[in-house]
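Q: Quick one: this structure, given as C-alpha cells, is what I'll be asking you about.
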Amino acid sequence: MPATSGRAKCRGCGATIRTGELRFGESLPNAYGEGDAFHWFHVPCAALMRPEKFAPALAASDADVADREWLAATAEVGKAFPRLCRLAYAERSKSGKARCRSCRDTIDGGVMRLALQMFDEGRMSPMGFIHVECANNYLGTTDIVERAKRLSPSLDDAAIAELSERLLHQRAPLEKDDEASEPAAERDGPELAKAHPPAESDPRRVENS
C-alpha cells in the first residue's frame, strides 16, 4: 500500500523512497531482534543491484510496473554478469590516490572511474574503485553506459562521452595470479564466497510503498 510518511530510504542508493512510490522488499533476518525485517529498494535500484532476488519477484508481480521490460532485461544481464551488481556509480577521480581494485594501478586524478559496493548484512558497503578501462576484466562486460547513467544521474554529457570513449580501450586480461590475489568474498561476490556466506534472504514482494 502507499507509504504514509515517505521516510524509508533505499538500501541501494540511499535516497528516500517517495510516498506512494513502487518499491521492492527483500526479507532478511532482523539484526536487532527476532524474526525477519524487510529492506526496501527503489524498483530500478533493485533491478540494478539485487537482480537474482528481484527478477523472480517482478515476474510474479501483477503490479503496474513502469519500464517493466527494461527492468526485466536489466535484471537478467545482472544475473549473467554477477559483478555488475557491485557498480555503484561513475564519477571523476578526485585525488589521484585511489588504486584500482582490478589492476592495482593508481587511478589518475580527474578521469572517469567506476565506484564499487557490495551488499552485505542488509546494506551496501563501499569497496573502492576501478579504472573504466578495467570494466571488462572486473565486471565481465563493457555494456555499462546506460547502467552508469541510471546510477549516476548527475553525470553531464562530457562525462558520459568520456566514459563511453574509455570503455573502448580496455586493458589486457588479468593474469590468473592477479585475479587469485583478490579475497574470495570480493572475487566471487557474497553469493559465491564460501568463507563469508551471507545471511539467507528471501525476497517476495514488489509492491506500492
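Residue names in the C-alpha cells use chain letters A, B, ... in the order shown, residue numbers from 1 in each chain, and ligand numbers from 1 in the order shown.
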Give me the residues within 6 Å of Arg92 in chain A as a list in words, counting only C-alpha atoms and dropping any in the same chain fewer than 6 places off.
A: Gly110, Val111, Met112 and Arg113 of chain A
Q: I need the residues from that last selection saved to file as a CSV table (one decimal), in the first residue's frame (with all heavy atoms), if you can.
A:
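Wrote it out as selection03.csv, contents follow:
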```csv
chain,number,residue,atom,x,y,z
A,110,GLY,N,41.1,13.3,-12.0
A,110,GLY,CA,40.3,14.0,-13.0
A,110,GLY,C,39.8,13.1,-14.1
A,110,GLY,O,39.2,13.7,-15.1
A,111,VAL,N,40.0,11.8,-14.1
A,111,VAL,CA,39.5,10.9,-15.1
A,111,VAL,C,38.3,10.2,-14.6
A,111,VAL,O,38.1,10.0,-13.4
A,111,VAL,CB,40.5,9.9,-15.6
A,111,VAL,CG1,41.8,10.7,-16.1
A,111,VAL,CG2,40.9,9.0,-14.5
A,112,MET,N,37.5,9.7,-15.5
A,112,MET,CA,36.3,8.9,-15.1
A,112,MET,C,36.7,7.6,-14.5
A,112,MET,O,37.6,6.9,-14.9
A,112,MET,CB,35.4,8.7,-16.3
A,112,MET,CG,34.7,9.9,-16.9
A,112,MET,SD,33.7,10.8,-15.6
A,112,MET,CE,32.4,9.6,-15.3
A,113,ARG,N,36.1,7.2,-13.4
A,113,ARG,CA,36.3,5.9,-12.7
A,113,ARG,C,35.0,5.3,-12.3
A,113,ARG,O,33.9,6.0,-12.3
A,113,ARG,CB,37.2,6.1,-11.5
A,113,ARG,CG,36.6,6.9,-10.4
A,113,ARG,CD,37.5,7.2,-9.2
A,113,ARG,NE,36.9,7.9,-8.2
A,113,ARG,CZ,37.5,8.3,-7.1
A,113,ARG,NH1,38.8,8.0,-6.9
A,113,ARG,NH2,36.9,9.0,-6.1
```
Q: Counting only C-alpha atoms, which residues in range 143-168 of chain A sit no more than 8 Å from range 121-137 of chain A? For each one, give the nearest pair of atoms and the distance in Å, sorted by chain then residue number, as a Markdown table.
A:
```
| residue | atom | partner | partner_atom | distance |
| --- | --- | --- | --- | --- |
| A:Leu163 | CA | A:Val132 | CA | 7.0 |
| A:Arg166 | CA | A:Glu133 | CA | 5.9 |
| A:Leu167 | CA | A:Glu133 | CA | 5.7 |
| A:Leu168 | CA | A:Glu133 | CA | 7.7 |
```
Q: Keeping only N, CA and C atoms, take the residues you just selected and write them out as a tab-separated table (two decimals), in the first residue's frame.
A:
```tsv
chain	number	residue	atom	x	y	z
A	163	LEU	N	33.31	8.52	-20.57
A	163	LEU	CA	33.08	7.15	-20.12
A	163	LEU	C	32.97	6.21	-21.32
A	166	ARG	N	36.44	5.76	-23.01
A	166	ARG	CA	37.37	4.93	-22.24
A	166	ARG	C	36.96	3.46	-22.26
A	167	LEU	N	35.68	3.20	-22.36
A	167	LEU	CA	35.23	1.81	-22.43
A	167	LEU	C	35.72	1.10	-23.69
A	168	LEU	N	36.09	1.88	-24.71
A	168	LEU	CA	36.58	1.29	-25.96
A	168	LEU	C	38.03	0.84	-25.84
```
Q: Would you mind listing what lies within 12 Å of Glu69 in chain A as a PyMOL selection string, with only C-alpha atoms counted and same-chain residues fewer than 6 positions away left out?
A: chain A and resi 44+47+55+58-59+75-76
Q: Which value, in Å to one decimal, gives the distance between CA of Arg150 in chain A and CA of Pro56 in chain A?
A: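 According to the coordinates, CA of Arg150 in chain A and CA of Pro56 in chain A are separated by 21.7 Å.
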Q: Could you pull out the helix (DSSP H, G or I) residues of range 17-177 of chain A from DSSP and send them as a PyMOL selection string?
A: chain A and resi 43-49+51-60+68-80+82-86+132-139+145-151+157-167+176-177
Q: Please provide as a list in words all residues within 8 Å of range 10-12 of chain A, with the sequence filter that same-chain residues fewer than 2 positions apart are discarded (counting only C-alpha atoms).
A: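 Residues meeting the cut-off are Ala8, Gly14, Ala15, Thr16, Ile17, His39, Trp40, Phe41, His42, Cys45, Ala46, Met49, Gly122, Arg123 and Met124 of chain A.
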Q: Let's have the selection written as a compact mmCIF listing (two decimals), in the first residue's frame, with N, CA and C atoms.
A:
```txt
# COMPACT_ATOMS: atom_id res chain seq x y z
N ALA A 8 11.20 6.11 4.46
CA ALA A 8 12.09 4.97 4.21
C ALA A 8 13.12 5.32 3.15
N GLY A 14 20.43 4.86 -1.24
CA GLY A 14 20.37 5.68 -0.03
C GLY A 14 19.39 6.83 -0.09
N ALA A 15 18.76 7.06 -1.22
CA ALA A 15 17.79 8.15 -1.35
C ALA A 15 16.44 7.72 -0.80
N THR A 16 15.63 8.70 -0.45
CA THR A 16 14.30 8.43 0.11
C THR A 16 13.38 7.80 -0.94
N ILE A 17 12.57 6.87 -0.51
CA ILE A 17 11.52 6.29 -1.36
C ILE A 17 10.28 7.13 -1.13
N HIS A 39 13.89 -5.04 3.82
CA HIS A 39 14.79 -3.98 3.38
C HIS A 39 14.28 -3.51 2.03
N TRP A 40 14.07 -2.22 1.92
CA TRP A 40 13.37 -1.68 0.76
C TRP A 40 14.32 -1.02 -0.23
N PHE A 41 13.99 -1.18 -1.52
CA PHE A 41 14.76 -0.60 -2.61
C PHE A 41 13.81 0.11 -3.58
N HIS A 42 14.30 1.18 -4.21
CA HIS A 42 13.62 1.64 -5.42
C HIS A 42 13.60 0.48 -6.41
N CYS A 45 16.69 0.42 -8.62
CA CYS A 45 17.86 0.04 -7.84
C CYS A 45 17.89 -1.46 -7.59
N ALA A 46 16.74 -2.05 -7.35
CA ALA A 46 16.67 -3.50 -7.13
C ALA A 46 17.07 -4.25 -8.39
N MET A 49 20.92 -3.74 -8.64
CA MET A 49 21.79 -4.17 -7.55
C MET A 49 21.43 -5.52 -6.94
N GLY A 122 22.48 -6.67 4.75
CA GLY A 122 21.36 -5.76 4.56
C GLY A 122 21.71 -4.35 4.15
N ARG A 123 22.97 -4.09 3.82
CA ARG A 123 23.33 -2.74 3.39
C ARG A 123 24.44 -2.81 2.35
N MET A 124 24.55 -1.71 1.60
CA MET A 124 25.61 -1.60 0.62
C MET A 124 26.85 -1.00 1.28
```
Q: I'd like the interatomic distance between CA of Thr106 in chain A and CA of Leu155 in chain A, to a tenth of an Å.
A: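 Rounded to one decimal, the two atoms are 22.5 Å apart.
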Q: Run DSSP on the backbone and tell me which residues of range 89-145 of chain A come out as strand (DSSP E or B); list them as a PyMOL selection string.
A: chain A and resi 89-92+99-100+106+112-120+123-131
Q: Env of Tyr89 in chain A: 6 Å cut, atoms = only C-alpha atoms, seq-sep filter 5 positions within chain, self excluded. Answer as a PyMOL selection string.
A: chain A and resi 115+148+151-152
Q: I need the chosen residues saved as a tab-separated table (two decimals), in the first residue's frame, with N, CA, C and O atoms.
A:
```tsv
chain	number	residue	atom	x	y	z
A	115	ALA	N	32.90	3.43	-9.28
A	115	ALA	CA	32.86	3.11	-7.85
A	115	ALA	C	32.16	1.78	-7.64
A	115	ALA	O	31.19	1.45	-8.33
A	148	ALA	N	25.35	3.04	-15.89
A	148	ALA	CA	26.06	4.12	-15.21
A	148	ALA	C	25.22	5.40	-15.18
A	148	ALA	O	25.20	6.13	-14.19
A	151	LEU	N	22.61	5.03	-12.51
A	151	LEU	CA	23.18	5.08	-11.17
A	151	LEU	C	23.81	6.42	-10.85
A	151	LEU	O	24.03	6.73	-9.67
A	152	SER	N	24.12	7.20	-11.88
A	152	SER	CA	24.83	8.48	-11.69
A	152	SER	C	24.08	9.58	-12.44
A	152	SER	O	24.57	10.10	-13.45
```
Q: From the options A:Ile107, A:Leu84, A:Ala66, A:Leu22, which residue's atoms come nearest to Thr141 in chain A, counting only C-alpha atoms?
A: A:Leu84
